[in-house]
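To start, the structure under review is shown below, and the notes come after it.
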Amino acid sequence: MQTCLAHPEYGFYSTLKSVNEHFTTSPEISPLFGEAISAFFVNFYQSQPQQKVRLIELGPGNGTLAFDILSCWKKLTTQNLYYVAVESSPSLTKIQQTKLQPFAQSCHWVRSVKELDQQTDSSFVNFIIANEFFDALPIRQFFKTNDQWFERVVTTCRTDLVFDSIPFKNSTQIAFPESANFYEICEDSIEIMKDISALMIKSPSICLIIDYGYETHTDYKDTLQAIRHHTYCDPLAHPGDSDLTAHVDFGQLKSVTSQQILALKLMTQRDFLLSCGIKSRLDRLHKTLDHTNFSALELGLNRLISTSEMGTLFKVQIFVASGMDSK
Ligand code: SAH
């Protein structure tokens, strides 16, 4: 999975020209998504008005969410908002840099949170955002038969890739849940969350993770999926040319953050966006937009919050470092 996604020459993200080529994310559906998040951050910023503020985004894709947040922030406050993109893909970095040209003077790119941590200036308030980032990190899968754990691996059969399994000897390294016969783990997520946690305890910070996933599993199952040109496909059929993802284990992310960080209750994207006033933002535009543009925005908003679309499938996990209270 790691090779398919991140191989420097052939990896899916290393060669991707635009996220819209294969899948559609919330910021690509509506600018109201970024505006709602900007309003959410402005609310927190008001409790620290004297400090420099920095938006840190993990995996910015086309740079659309950053563009919308930075544009809206400018309308809502006079304070400069610095921006740091954590991006490993060279092709997407170029796209983001072009998109964010109007804000170029305040923007900076790093390839990992670790790299960012080494350059950390604790005088900043950090707003950290990761939309559909953690689902894009490689997972490992295990299953249990007759009390023996096996790891699921990929091998070749003639010219095809096929799933196989090998006995997992060091099962004490992983805390397999008692009730589980199948288990997924995303080690990169754990490492990155630890790095974020370390960053957050150095200066006032708030972190917003938006993704599809779960908090506690009662029914452990295979969540690996592949999408190519907006259609589900066999995860082994197009190595490096399909988007491989897995559901995010929010419970695990919470469990590795420092005790000094408060994890708010996991909420649905619908509840989060409504609480940020996304509907009243749309209503305010009623007078200024013509019918066609308004209807397009209304349709986009509906996709984001509808319970039959992204509204409940996507979850929002908010982490707040101490000293960071909203007004
Ligand atoms: N957040 C964007 C795009 C999500 S796609 C949106 O909402 O539209 C996943 C993004 O994470 C891509 O930009 C991809 O290149 C980046 N990415 C994947 N693995 C990464 C890693 N290990 N480190 C940094 N960026 C990564």
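FYI, nothing fancy with the structure tokens labels: chains A, B, ... in order, residues from 1 per chain, ligands from 1 as they appear.
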Using only C-alpha atoms and all ligand atoms, what table do you get, as a Markdown table, when you list each residue of chain A with an atom no more than 7 Å from ligand 1, its nearest pair of atoms, and their distance in Å rounded to one decimal, rows by chain then rising number?
| residue | atom | partner | partner_atom_place_in_ligand_line | distance |
| --- | --- | --- | --- | --- |
| A:Tyr13 | CA | ligand 1 | 15 (O) | 4.8 |
| A:Ser14 | CA | ligand 1 | 15 (O) | 6.9 |
| A:Val19 | CA | ligand 1 | 5 (S) | 6.5 |
| A:Thr25 | CA | ligand 1 | 8 (O) | 4.8 |
| A:Ser26 | CA | ligand 1 | 7 (O) | 6.1 |
| A:Pro27 | CA | ligand 1 | 7 (O) | 5.8 |
| A:Glu28 | CA | ligand 1 | 8 (O) | 6.3 |
| A:Leu58 | CA | ligand 1 | 25 (N) | 6.0 |
| A:Gly59 | CA | ligand 1 | 11 (O) | 3.2 |
| A:Pro60 | CA | ligand 1 | 1 (N) | 4.2 |
| A:Gly61 | CA | ligand 1 | 13 (O) | 3.4 |
| A:Asn62 | CA | ligand 1 | 8 (O) | 6.1 |
| A:Thr64 | CA | ligand 1 | 8 (O) | 6.7 |
| A:Leu65 | CA | ligand 1 | 7 (O) | 6.6 |
| A:Val86 | CA | ligand 1 | 24 (C) | 5.4 |
| A:Glu87 | CA | ligand 1 | 25 (N) | 3.9 |
| A:Ser88 | CA | ligand 1 | 24 (C) | 4.1 |
| A:Ser89 | CA | ligand 1 | 15 (O) | 4.6 |
| A:Leu92 | CA | ligand 1 | 15 (O) | 6.2 |
| A:Arg111 | CA | ligand 1 | 24 (C) | 5.8 |
| A:Ser112 | CA | ligand 1 | 23 (N) | 5.5 |
| A:Ala130 | CA | ligand 1 | 1 (N) | 6.2 |
| A:Asn131 | CA | ligand 1 | 1 (N) | 4.4 |
| A:Glu132 | CA | ligand 1 | 4 (C) | 4.7 |
| A:Phe133 | CA | ligand 1 | 9 (C) | 4.6 |
| A:Ala136 | CA | ligand 1 | 18 (C) | 5.5 |
| A:Leu137 | CA | ligand 1 | 19 (N) | 5.6 |
Original post:
Which residues in region 114-172 of chain A does DSSP call strand (DSSP E)? List them as a PyMOL selection string.
Top reply: chain A and resi 124-131+140-145+148-157+160-167
Subject >> Selected residue of minimal separation from Pro90 (chain A) among A:Val320, A:Leu16, A:Leu32, A:Ala226, counting only C-alpha atoms >> reply: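 Under the stated criterion, the closest residue is A:Leu16.
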Residues of region 100-251 of chain A in helix (DSSP H, G or I) according to DSSP, as an mmCIF file with all heavy atoms, in the first residue's frame?
data_model
loop_
_atom_site.group_PDB
_atom_site.id
_atom_site.type_symbol
_atom_site.label_atom_id
_atom_site.label_comp_id
_atom_site.auth_asym_id
_atom_site.auth_seq_id
_atom_site.Cartn_x
_atom_site.Cartn_y
_atom_site.Cartn_z
ATOM 1 N N GLN A 101 -0.841 31.204 -4.873
ATOM 2 C CA GLN A 101 -0.006 32.327 -5.307
ATOM 3 C C GLN A 101 -0.426 33.665 -4.652
ATOM 4 O O GLN A 101 0.432 34.405 -4.172
ATOM 5 C CB GLN A 101 -0.063 32.427 -6.843
ATOM 6 C CG GLN A 101 1.003 33.298 -7.490
ATOM 7 C CD GLN A 101 2.411 32.872 -7.096
ATOM 8 O OE1 GLN A 101 2.694 31.695 -6.990
ATOM 9 N NE2 GLN A 101 3.275 33.842 -6.844
ATOM 10 N N PRO A 102 -1.740 33.967 -4.559
ATOM 11 C CA PRO A 102 -2.118 35.252 -3.940
ATOM 12 C C PRO A 102 -1.656 35.393 -2.491
ATOM 13 O O PRO A 102 -1.593 36.505 -1.968
ATOM 14 C CB PRO A 102 -3.650 35.245 -4.007
ATOM 15 C CG PRO A 102 -4.017 34.206 -5.012
ATOM 16 C CD PRO A 102 -2.898 33.213 -5.060
ATOM 17 N N PHE A 103 -1.356 34.263 -1.825
ATOM 18 C CA PHE A 103 -0.944 34.329 -0.413
ATOM 19 C C PHE A 103 0.525 33.924 -0.255
ATOM 20 O O PHE A 103 0.985 33.642 0.856
ATOM 21 C CB PHE A 103 -1.807 33.371 0.430
ATOM 22 C CG PHE A 103 -3.282 33.604 0.283
ATOM 23 C CD1 PHE A 103 -4.048 32.820 -0.583
ATOM 24 C CD2 PHE A 103 -3.910 34.618 0.993
ATOM 25 C CE1 PHE A 103 -5.400 33.041 -0.727
ATOM 26 C CE2 PHE A 103 -5.275 34.839 0.851
ATOM 27 C CZ PHE A 103 -6.017 34.042 -0.009
ATOM 28 N N ALA A 104 1.258 33.880 -1.373
ATOM 29 C CA ALA A 104 2.595 33.268 -1.408
ATOM 30 C C ALA A 104 3.518 33.754 -0.291
ATOM 31 O O ALA A 104 4.296 32.969 0.252
ATOM 32 C CB ALA A 104 3.230 33.500 -2.765
ATOM 33 N N GLN A 105 3.417 35.041 0.059
ATOM 34 C CA GLN A 105 4.366 35.595 1.042
ATOM 35 C C GLN A 105 4.225 34.969 2.421
ATOM 36 O O GLN A 105 5.172 34.992 3.205
ATOM 37 C CB GLN A 105 4.141 37.089 1.135
ATOM 38 C CG GLN A 105 4.490 37.785 -0.181
ATOM 39 C CD GLN A 105 5.042 39.155 0.052
ATOM 40 O OE1 GLN A 105 4.590 39.826 0.962
ATOM 41 N NE2 GLN A 105 5.997 39.560 -0.767
ATOM 42 N N SER A 106 3.051 34.416 2.712
ATOM 43 C CA SER A 106 2.837 33.851 4.057
ATOM 44 C C SER A 106 2.798 32.334 4.035
ATOM 45 O O SER A 106 2.409 31.716 5.020
ATOM 46 C CB SER A 106 1.513 34.350 4.636
ATOM 47 O OG SER A 106 1.407 35.720 4.545
ATOM 48 N N VAL A 113 5.310 16.256 9.316
ATOM 49 C CA VAL A 113 5.087 17.004 10.564
ATOM 50 C C VAL A 113 6.394 17.059 11.372
ATOM 51 O O VAL A 113 6.669 18.048 12.045
ATOM 52 C CB VAL A 113 3.956 16.357 11.406
ATOM 53 C CG1 VAL A 113 3.687 17.171 12.669
ATOM 54 C CG2 VAL A 113 2.675 16.228 10.607
ATOM 55 N N LYS A 114 7.202 15.997 11.265
ATOM 56 C CA LYS A 114 8.496 15.974 11.984
ATOM 57 C C LYS A 114 9.371 17.146 11.544
ATOM 58 O O LYS A 114 9.959 17.824 12.366
ATOM 59 C CB LYS A 114 9.232 14.662 11.669
ATOM 60 C CG LYS A 114 9.174 13.732 12.816
ATOM 61 C CD LYS A 114 10.174 12.605 12.759
ATOM 62 C CE LYS A 114 9.911 11.703 13.933
ATOM 63 N NZ LYS A 114 8.591 11.139 14.051
ATOM 64 N N GLU A 115 9.412 17.353 10.221
ATOM 65 C CA GLU A 115 10.215 18.458 9.672
ATOM 66 C C GLU A 115 9.712 19.795 10.229
ATOM 67 O O GLU A 115 10.485 20.676 10.593
ATOM 68 C CB GLU A 115 10.085 18.434 8.144
ATOM 69 C CG GLU A 115 11.053 19.339 7.424
ATOM 70 C CD GLU A 115 10.812 19.341 5.914
ATOM 71 O OE1 GLU A 115 10.472 18.269 5.335
ATOM 72 O OE2 GLU A 115 10.932 20.410 5.318
ATOM 73 N N LEU A 116 8.397 19.893 10.335
ATOM 74 C CA LEU A 116 7.782 21.120 10.845
ATOM 75 C C LEU A 116 8.149 21.320 12.305
ATOM 76 O O LEU A 116 8.486 22.421 12.741
ATOM 77 C CB LEU A 116 6.259 20.993 10.691
ATOM 78 C CG LEU A 116 5.411 22.089 11.281
ATOM 79 C CD1 LEU A 116 5.632 23.386 10.533
ATOM 80 C CD2 LEU A 116 3.951 21.703 11.216
ATOM 81 N N ASP A 117 8.109 20.231 13.062
ATOM 82 C CA ASP A 117 8.378 20.298 14.493
ATOM 83 C C ASP A 117 9.802 20.806 14.754
ATOM 84 O O ASP A 117 10.039 21.563 15.681
ATOM 85 C CB ASP A 117 8.163 18.905 15.108
ATOM 86 C CG ASP A 117 8.079 18.996 16.622
ATOM 87 O OD1 ASP A 117 7.597 20.036 17.112
ATOM 88 O OD2 ASP A 117 8.513 18.057 17.298
ATOM 89 N N GLN A 118 10.721 20.400 13.849
ATOM 90 C CA GLN A 118 12.110 20.849 14.033
ATOM 91 C C GLN A 118 12.231 22.362 13.852
ATOM 92 O O GLN A 118 13.137 22.994 14.364
ATOM 93 C CB GLN A 118 13.017 20.125 13.034
ATOM 94 C CG GLN A 118 13.352 18.712 13.521
ATOM 95 C CD GLN A 118 13.630 17.754 12.385
ATOM 96 O OE1 GLN A 118 13.760 18.169 11.229
ATOM 97 N NE2 GLN A 118 13.700 16.472 12.698
ATOM 98 N N PHE A 134 -5.809 11.263 6.840
ATOM 99 C CA PHE A 134 -5.451 10.025 7.543
ATOM 100 C C PHE A 134 -5.931 8.773 6.810
ATOM 101 O O PHE A 134 -5.315 7.725 6.909
ATOM 102 C CB PHE A 134 -5.969 10.066 8.990
ATOM 103 C CG PHE A 134 -5.114 10.925 9.885
ATOM 104 C CD1 PHE A 134 -5.459 12.246 10.155
ATOM 105 C CD2 PHE A 134 -3.942 10.436 10.427
ATOM 106 C CE1 PHE A 134 -4.667 13.043 10.955
ATOM 107 C CE2 PHE A 134 -3.127 11.224 11.233
ATOM 108 C CZ PHE A 134 -3.490 12.535 11.496
ATOM 109 N N ASP A 135 -7.031 8.898 6.045
ATOM 110 C CA ASP A 135 -7.515 7.712 5.313
ATOM 111 C C ASP A 135 -6.557 7.339 4.175
ATOM 112 O O ASP A 135 -6.628 6.230 3.633
ATOM 113 C CB ASP A 135 -8.928 7.944 4.757
ATOM 114 C CG ASP A 135 -8.960 8.997 3.672
ATOM 115 O OD1 ASP A 135 -8.571 8.699 2.522
ATOM 116 O OD2 ASP A 135 -9.364 10.133 3.942
ATOM 117 N N ALA A 136 -5.668 8.271 3.821
ATOM 118 C CA ALA A 136 -4.758 8.053 2.687
ATOM 119 C C ALA A 136 -3.432 7.426 3.124
ATOM 120 O O ALA A 136 -2.524 7.274 2.311
ATOM 121 C CB ALA A 136 -4.496 9.387 1.988
ATOM 122 N N SER A 171 2.941 -11.276 17.755
ATOM 123 C CA SER A 171 1.625 -10.678 17.990
ATOM 124 C C SER A 171 1.556 -9.863 19.282
ATOM 125 O O SER A 171 0.618 -9.124 19.476
ATOM 126 C CB SER A 171 0.517 -11.733 17.945
ATOM 127 O OG SER A 171 0.975 -12.932 18.456
ATOM 128 N N THR A 172 2.575 -9.960 20.130
ATOM 129 C CA THR A 172 2.537 -9.126 21.339
ATOM 130 C C THR A 172 2.875 -7.661 21.012
ATOM 131 O O THR A 172 2.604 -6.769 21.789
ATOM 132 C CB THR A 172 3.553 -9.633 22.379
ATOM 133 O OG1 THR A 172 4.794 -9.831 21.694
ATOM 134 C CG2 THR A 172 3.107 -10.921 23.034
ATOM 135 N N GLN A 173 3.478 -7.428 19.837
ATOM 136 C CA GLN A 173 3.813 -6.037 19.449
ATOM 137 C C GLN A 173 2.551 -5.208 19.206
ATOM 138 O O GLN A 173 2.574 -3.991 19.266
ATOM 139 C CB GLN A 173 4.577 -6.040 18.124
ATOM 140 C CG GLN A 173 6.022 -6.395 18.239
ATOM 141 C CD GLN A 173 6.664 -6.459 16.865
ATOM 142 O OE1 GLN A 173 5.993 -6.326 15.850
ATOM 143 N NE2 GLN A 173 7.948 -6.664 16.843
ATOM 144 N N GLU A 187 0.116 2.431 11.184
ATOM 145 C CA GLU A 187 1.255 2.865 12.009
ATOM 146 C C GLU A 187 1.678 4.304 11.691
ATOM 147 O O GLU A 187 2.084 5.046 12.581
ATOM 148 C CB GLU A 187 2.419 1.879 11.847
ATOM 149 C CG GLU A 187 2.115 0.592 12.597
ATOM 150 C CD GLU A 187 2.862 -0.616 12.083
ATOM 151 O OE1 GLU A 187 3.164 -0.668 10.877
ATOM 152 O OE2 GLU A 187 3.142 -1.526 12.891
ATOM 153 N N ASP A 188 1.550 4.698 10.425
ATOM 154 C CA ASP A 188 1.908 6.081 10.055
ATOM 155 C C ASP A 188 1.010 7.080 10.785
ATOM 156 O O ASP A 188 1.462 8.136 11.240
ATOM 157 C CB ASP A 188 1.782 6.300 8.541
ATOM 158 C CG ASP A 188 2.929 5.645 7.783
ATOM 159 O OD1 ASP A 188 3.722 4.940 8.424
ATOM 160 O OD2 ASP A 188 3.019 5.839 6.556
ATOM 161 N N SER A 189 -0.282 6.746 10.885
ATOM 162 C CA SER A 189 -1.225 7.648 11.578
ATOM 163 C C SER A 189 -0.791 7.847 13.023
ATOM 164 O O SER A 189 -0.829 8.965 13.548
ATOM 165 C CB SER A 189 -2.628 7.044 11.639
ATOM 166 O OG SER A 189 -3.225 7.058 10.408
ATOM 167 N N ILE A 190 -0.388 6.737 13.654
ATOM 168 C CA ILE A 190 0.005 6.818 15.063
ATOM 169 C C ILE A 190 1.235 7.720 15.213
ATOM 170 O O ILE A 190 1.275 8.615 16.057
ATOM 171 C CB ILE A 190 0.280 5.394 15.614
ATOM 172 C CG1 ILE A 190 -1.033 4.601 15.611
ATOM 173 C CG2 ILE A 190 0.909 5.434 16.998
ATOM 174 C CD1 ILE A 190 -0.892 3.134 15.944
ATOM 175 N N GLU A 191 2.216 7.521 14.321
ATOM 176 C CA GLU A 191 3.436 8.339 14.385
ATOM 177 C C GLU A 191 3.121 9.809 14.144
ATOM 178 O O GLU A 191 3.599 10.692 14.858
ATOM 179 C CB GLU A 191 4.464 7.855 13.344
ATOM 180 C CG GLU A 191 5.207 6.594 13.756
ATOM 181 C CD GLU A 191 5.683 6.643 15.204
ATOM 182 O OE1 GLU A 191 6.451 7.571 15.520
ATOM 183 O OE2 GLU A 191 5.273 5.792 16.011
ATOM 184 N N ILE A 192 2.301 10.066 13.130
ATOM 185 C CA ILE A 192 1.975 11.465 12.791
ATOM 186 C C ILE A 192 1.169 12.110 13.923
ATOM 187 O O ILE A 192 1.409 13.256 14.296
ATOM 188 C CB ILE A 192 1.233 11.528 11.430
ATOM 189 C CG1 ILE A 192 2.211 11.151 10.303
ATOM 190 C CG2 ILE A 192 0.626 12.910 11.189
ATOM 191 C CD1 ILE A 192 1.600 10.983 8.936
ATOM 192 N N MET A 193 0.250 11.340 14.521
ATOM 193 C CA MET A 193 -0.556 11.901 15.616
ATOM 194 C C MET A 193 0.321 12.215 16.824
ATOM 195 O O MET A 193 0.113 13.219 17.507
ATOM 196 C CB MET A 193 -1.663 10.898 15.976
ATOM 197 C CG MET A 193 -2.836 11.522 16.700
ATOM 198 S SD MET A 193 -3.623 12.829 15.768
ATOM 199 C CE MET A 193 -3.721 14.099 17.000
ATOM 200 N N LYS A 194 1.318 11.377 17.048
ATOM 201 C CA LYS A 194 2.248 11.656 18.163
ATOM 202 C C LYS A 194 3.017 12.952 17.886
ATOM 203 O O LYS A 194 3.241 13.766 18.777
ATOM 204 C CB LYS A 194 3.241 10.500 18.336
ATOM 205 C CG LYS A 194 2.631 9.298 19.040
ATOM 206 C CD LYS A 194 3.718 8.236 19.206
ATOM 207 C CE LYS A 194 3.175 6.965 19.821
ATOM 208 N NZ LYS A 194 4.104 5.838 19.673
ATOM 209 N N ASP A 195 3.425 13.124 16.612
ATOM 210 C CA ASP A 195 4.147 14.358 16.243
ATOM 211 C C ASP A 195 3.252 15.593 16.404
ATOM 212 O O ASP A 195 3.692 16.642 16.864
ATOM 213 C CB ASP A 195 4.647 14.270 14.787
ATOM 214 C CG ASP A 195 5.765 13.248 14.624
ATOM 215 O OD1 ASP A 195 6.413 12.924 15.631
ATOM 216 O OD2 ASP A 195 5.980 12.769 13.486
ATOM 217 N N ILE A 196 1.981 15.443 16.012
ATOM 218 C CA ILE A 196 1.050 16.575 16.148
ATOM 219 C C ILE A 196 0.865 16.904 17.630
ATOM 220 O O ILE A 196 0.872 18.063 18.041
ATOM 221 C CB ILE A 196 -0.322 16.237 15.508
ATOM 222 C CG1 ILE A 196 -0.185 16.119 13.989
ATOM 223 C CG2 ILE A 196 -1.364 17.301 15.859
ATOM 224 C CD1 ILE A 196 -1.454 15.687 13.286
ATOM 225 N N SER A 197 0.728 15.841 18.410
ATOM 226 C CA SER A 197 0.526 16.015 19.852
ATOM 227 C C SER A 197 1.714 16.771 20.467
ATOM 228 O O SER A 197 1.541 17.703 21.257
ATOM 229 C CB SER A 197 0.358 14.629 20.462
ATOM 230 O OG SER A 197 0.306 14.674 21.839
ATOM 231 N N ALA A 198 2.931 16.387 20.038
ATOM 232 C CA ALA A 198 4.139 17.046 20.567
ATOM 233 C C ALA A 198 4.154 18.530 20.194
ATOM 234 O O ALA A 198 4.523 19.394 20.988
ATOM 235 C CB ALA A 198 5.378 16.347 20.019
ATOM 236 N N LEU A 199 3.705 18.810 18.980
ATOM 237 C CA LEU A 199 3.652 20.203 18.506
ATOM 238 C C LEU A 199 2.616 21.001 19.308
ATOM 239 O O LEU A 199 2.839 22.155 19.686
ATOM 240 C CB LEU A 199 3.237 20.159 17.022
ATOM 241 C CG LEU A 199 3.280 21.412 16.210
ATOM 242 C CD1 LEU A 199 4.716 21.640 15.775
ATOM 243 C CD2 LEU A 199 2.402 21.272 14.963
ATOM 244 N N MET A 200 1.481 20.333 19.573
ATOM 245 C CA MET A 200 0.371 21.035 20.216
ATOM 246 C C MET A 200 0.658 21.418 21.667
ATOM 247 O O MET A 200 0.072 22.392 22.162
ATOM 248 C CB MET A 200 -0.895 20.161 20.180
ATOM 249 C CG MET A 200 -1.515 20.072 18.802
ATOM 250 S SD MET A 200 -3.042 19.098 18.811
ATOM 251 C CE MET A 200 -4.213 20.215 19.575
ATOM 252 N N PHE A 250 -10.391 6.640 14.837
ATOM 253 C CA PHE A 250 -10.249 7.862 15.642
ATOM 254 C C PHE A 250 -9.879 7.537 17.090
ATOM 255 O O PHE A 250 -9.167 8.290 17.750
ATOM 256 C CB PHE A 250 -11.535 8.685 15.604
ATOM 257 C CG PHE A 250 -11.762 9.391 14.293
ATOM 258 C CD1 PHE A 250 -12.649 8.890 13.360
ATOM 259 C CD2 PHE A 250 -11.077 10.554 13.989
ATOM 260 C CE1 PHE A 250 -12.861 9.529 12.142
ATOM 261 C CE2 PHE A 250 -11.269 11.202 12.775
ATOM 262 C CZ PHE A 250 -12.165 10.688 11.851
ATOM 263 N N GLY A 251 -10.378 6.391 17.577
ATOM 264 C CA GLY A 251 -10.069 5.978 18.955
ATOM 265 C C GLY A 251 -8.566 5.817 19.135
ATOM 266 O O GLY A 251 -7.989 6.226 20.137
#
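With only C-alpha atoms as the atoms that count, the minimum distance from Pro8 (chain A) to the choices A:Gly240, A:Leu55, A:Lys202, A:Ser275 is reached by A:Gly240.
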Subject >> All residues 9 Å or closer to region 291-305 of chain A, only C-alpha atoms, same chain fewer than 6 positions away omitted, as a ChimeraX atom specification >> reply: /A:26,29-33,268-271,273-274,278-279,282,285,311-312,314
For the selection just defined, write its residues with all heavy atoms to a file, as a short mmCIF file (atom, residue, chain, number, x, y, z; two decimals), in the first residue's frame.
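Final output, saved to selection.cif:
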data_model
loop_
_atom_site.label_atom_id
_atom_site.label_comp_id
_atom_site.auth_asym_id
_atom_site.auth_seq_id
_atom_site.Cartn_x
_atom_site.Cartn_y
_atom_site.Cartn_z
N SER A 26 -14.59 17.36 0.14
CA SER A 26 -15.51 18.45 0.54
C SER A 26 -15.11 19.83 0.02
O SER A 26 -15.94 20.55 -0.52
CB SER A 26 -15.65 18.48 2.06
OG SER A 26 -16.22 17.27 2.50
N ILE A 29 -16.12 20.37 -3.39
CA ILE A 29 -17.57 20.42 -3.62
C ILE A 29 -18.09 21.83 -3.37
O ILE A 29 -18.91 22.33 -4.14
CB ILE A 29 -18.29 19.39 -2.71
CG1 ILE A 29 -17.94 17.97 -3.17
CG2 ILE A 29 -19.80 19.60 -2.71
CD1 ILE A 29 -18.41 16.88 -2.24
N SER A 30 -17.62 22.46 -2.29
CA SER A 30 -18.17 23.78 -1.98
C SER A 30 -17.18 24.66 -1.22
O SER A 30 -16.56 24.21 -0.25
CB SER A 30 -19.43 23.61 -1.12
OG SER A 30 -19.88 24.87 -0.70
N PRO A 31 -17.08 25.96 -1.60
CA PRO A 31 -16.23 26.89 -0.85
C PRO A 31 -16.78 27.15 0.56
O PRO A 31 -16.06 27.61 1.44
CB PRO A 31 -16.25 28.17 -1.70
CG PRO A 31 -17.46 28.05 -2.56
CD PRO A 31 -17.71 26.59 -2.77
N LEU A 32 -18.07 26.83 0.76
CA LEU A 32 -18.67 27.05 2.08
C LEU A 32 -18.00 26.17 3.14
O LEU A 32 -18.00 26.51 4.32
CB LEU A 32 -20.18 26.74 2.05
CG LEU A 32 -21.03 27.69 1.21
CD1 LEU A 32 -22.46 27.17 1.13
CD2 LEU A 32 -21.00 29.10 1.78
N PHE A 33 -17.43 25.04 2.71
CA PHE A 33 -16.76 24.13 3.64
C PHE A 33 -15.57 24.87 4.30
O PHE A 33 -15.46 24.93 5.52
CB PHE A 33 -16.29 22.89 2.87
CG PHE A 33 -15.60 21.85 3.70
CD1 PHE A 33 -16.33 21.02 4.54
CD2 PHE A 33 -14.22 21.68 3.62
CE1 PHE A 33 -15.69 20.04 5.30
CE2 PHE A 33 -13.59 20.70 4.38
CZ PHE A 33 -14.32 19.89 5.21
N THR A 268 -20.40 14.29 13.82
CA THR A 268 -20.55 14.09 12.38
C THR A 268 -20.20 15.39 11.66
O THR A 268 -20.29 16.49 12.24
CB THR A 268 -22.00 13.70 12.01
OG1 THR A 268 -22.85 14.78 12.37
CG2 THR A 268 -22.43 12.42 12.70
N GLN A 269 -19.82 15.25 10.39
CA GLN A 269 -19.52 16.45 9.59
C GLN A 269 -20.75 17.37 9.55
O GLN A 269 -20.64 18.58 9.60
CB GLN A 269 -19.12 16.02 8.17
CG GLN A 269 -19.00 17.17 7.20
CD GLN A 269 -18.18 16.84 5.98
OE1 GLN A 269 -17.00 16.55 6.07
NE2 GLN A 269 -18.79 16.89 4.82
N ARG A 270 -21.93 16.76 9.46
CA ARG A 270 -23.18 17.53 9.43
C ARG A 270 -23.30 18.42 10.67
O ARG A 270 -23.47 19.63 10.57
CB ARG A 270 -24.36 16.55 9.36
CG ARG A 270 -25.70 17.22 9.44
CD ARG A 270 -26.85 16.21 9.53
NE ARG A 270 -28.09 16.90 9.81
CZ ARG A 270 -28.80 17.52 8.90
NH1 ARG A 270 -28.42 17.53 7.65
NH2 ARG A 270 -29.90 18.17 9.21
N ASP A 271 -23.17 17.81 11.87
CA ASP A 271 -23.32 18.58 13.10
C ASP A 271 -22.25 19.65 13.21
O ASP A 271 -22.51 20.76 13.64
CB ASP A 271 -23.26 17.65 14.33
CG ASP A 271 -24.52 16.80 14.43
OD1 ASP A 271 -25.50 17.09 13.71
OD2 ASP A 271 -24.52 15.82 15.21
N LEU A 273 -20.53 21.21 10.74
CA LEU A 273 -20.71 22.33 9.80
C LEU A 273 -21.92 23.19 10.18
O LEU A 273 -21.88 24.41 10.08
CB LEU A 273 -20.85 21.81 8.36
CG LEU A 273 -19.57 21.20 7.76
CD1 LEU A 273 -19.84 20.63 6.38
CD2 LEU A 273 -18.43 22.22 7.70
N LEU A 274 -22.98 22.54 10.67
CA LEU A 274 -24.15 23.32 11.09
C LEU A 274 -23.78 24.18 12.30
O LEU A 274 -24.18 25.35 12.38
CB LEU A 274 -25.34 22.40 11.41
CG LEU A 274 -25.97 21.71 10.19
CD1 LEU A 274 -27.08 20.75 10.62
CD2 LEU A 274 -26.52 22.71 9.17
N ILE A 278 -22.89 27.11 8.78
CA ILE A 278 -22.74 27.00 7.32
C ILE A 278 -24.05 27.36 6.60
O ILE A 278 -24.04 27.95 5.52
CB ILE A 278 -22.21 25.60 6.91
CG1 ILE A 278 -21.66 25.62 5.47
CG2 ILE A 278 -23.25 24.50 7.09
CD1 ILE A 278 -20.80 24.45 5.08
N LYS A 279 -25.18 27.06 7.24
CA LYS A 279 -26.47 27.35 6.59
C LYS A 279 -26.72 28.85 6.54
O LYS A 279 -27.20 29.38 5.54
CB LYS A 279 -27.59 26.64 7.33
CG LYS A 279 -27.93 25.31 6.70
CD LYS A 279 -29.36 24.95 6.95
CE LYS A 279 -29.79 23.85 5.99
NZ LYS A 279 -30.65 22.89 6.63
N LEU A 282 -24.83 30.44 3.78
CA LEU A 282 -25.49 30.27 2.49
C LEU A 282 -26.66 31.26 2.38
O LEU A 282 -26.80 31.95 1.36
CB LEU A 282 -26.01 28.83 2.34
CG LEU A 282 -26.82 28.56 1.08
CD1 LEU A 282 -25.91 28.52 -0.15
CD2 LEU A 282 -27.60 27.25 1.17
N LEU A 285 -25.95 34.68 1.28
CA LEU A 285 -25.56 34.85 -0.12
C LEU A 285 -26.78 34.91 -1.05
O LEU A 285 -26.66 35.21 -2.24
CB LEU A 285 -24.64 33.71 -0.56
CG LEU A 285 -23.28 33.70 0.14
CD1 LEU A 285 -22.56 32.40 -0.13
CD2 LEU A 285 -22.43 34.87 -0.36
N GLY A 311 -22.77 13.77 5.13
CA GLY A 311 -23.11 14.35 6.44
C GLY A 311 -22.78 13.48 7.63
O GLY A 311 -22.26 13.97 8.64
N THR A 312 -23.10 12.18 7.55
CA THR A 312 -22.84 11.33 8.72
C THR A 312 -21.71 10.34 8.46
O THR A 312 -21.12 9.82 9.40
CB THR A 312 -24.12 10.56 9.15
OG1 THR A 312 -24.72 9.98 8.00
CG2 THR A 312 -25.11 11.48 9.82
N PHE A 314 -18.86 11.13 7.19
CA PHE A 314 -17.64 11.83 7.62
C PHE A 314 -17.79 12.29 9.07
O PHE A 314 -18.84 12.77 9.47
CB PHE A 314 -17.36 13.03 6.70
CG PHE A 314 -16.69 12.59 5.43
CD1 PHE A 314 -17.40 11.93 4.45
CD2 PHE A 314 -15.33 12.79 5.25
CE1 PHE A 314 -16.78 11.48 3.29
CE2 PHE A 314 -14.70 12.35 4.08
CZ PHE A 314 -15.42 11.69 3.11
#
**OP:** With a distance cut-off of 10 Å and only C-alpha atoms, select the neighbouring residues of His247 (chain A), excluding the residue or stretch itself and same-chain residues fewer than 4 positions from it, and output the selection as a PyMOL selection string.
**Re:** chain A and resi 134-137+139+184+186+211-214+222-225
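Among the candidates A:Trp73, A:Phe163, A:Phe12, A:Phe67, the one nearest to Leu100 (chain A) when counting only C-alpha atoms is A:Phe67.
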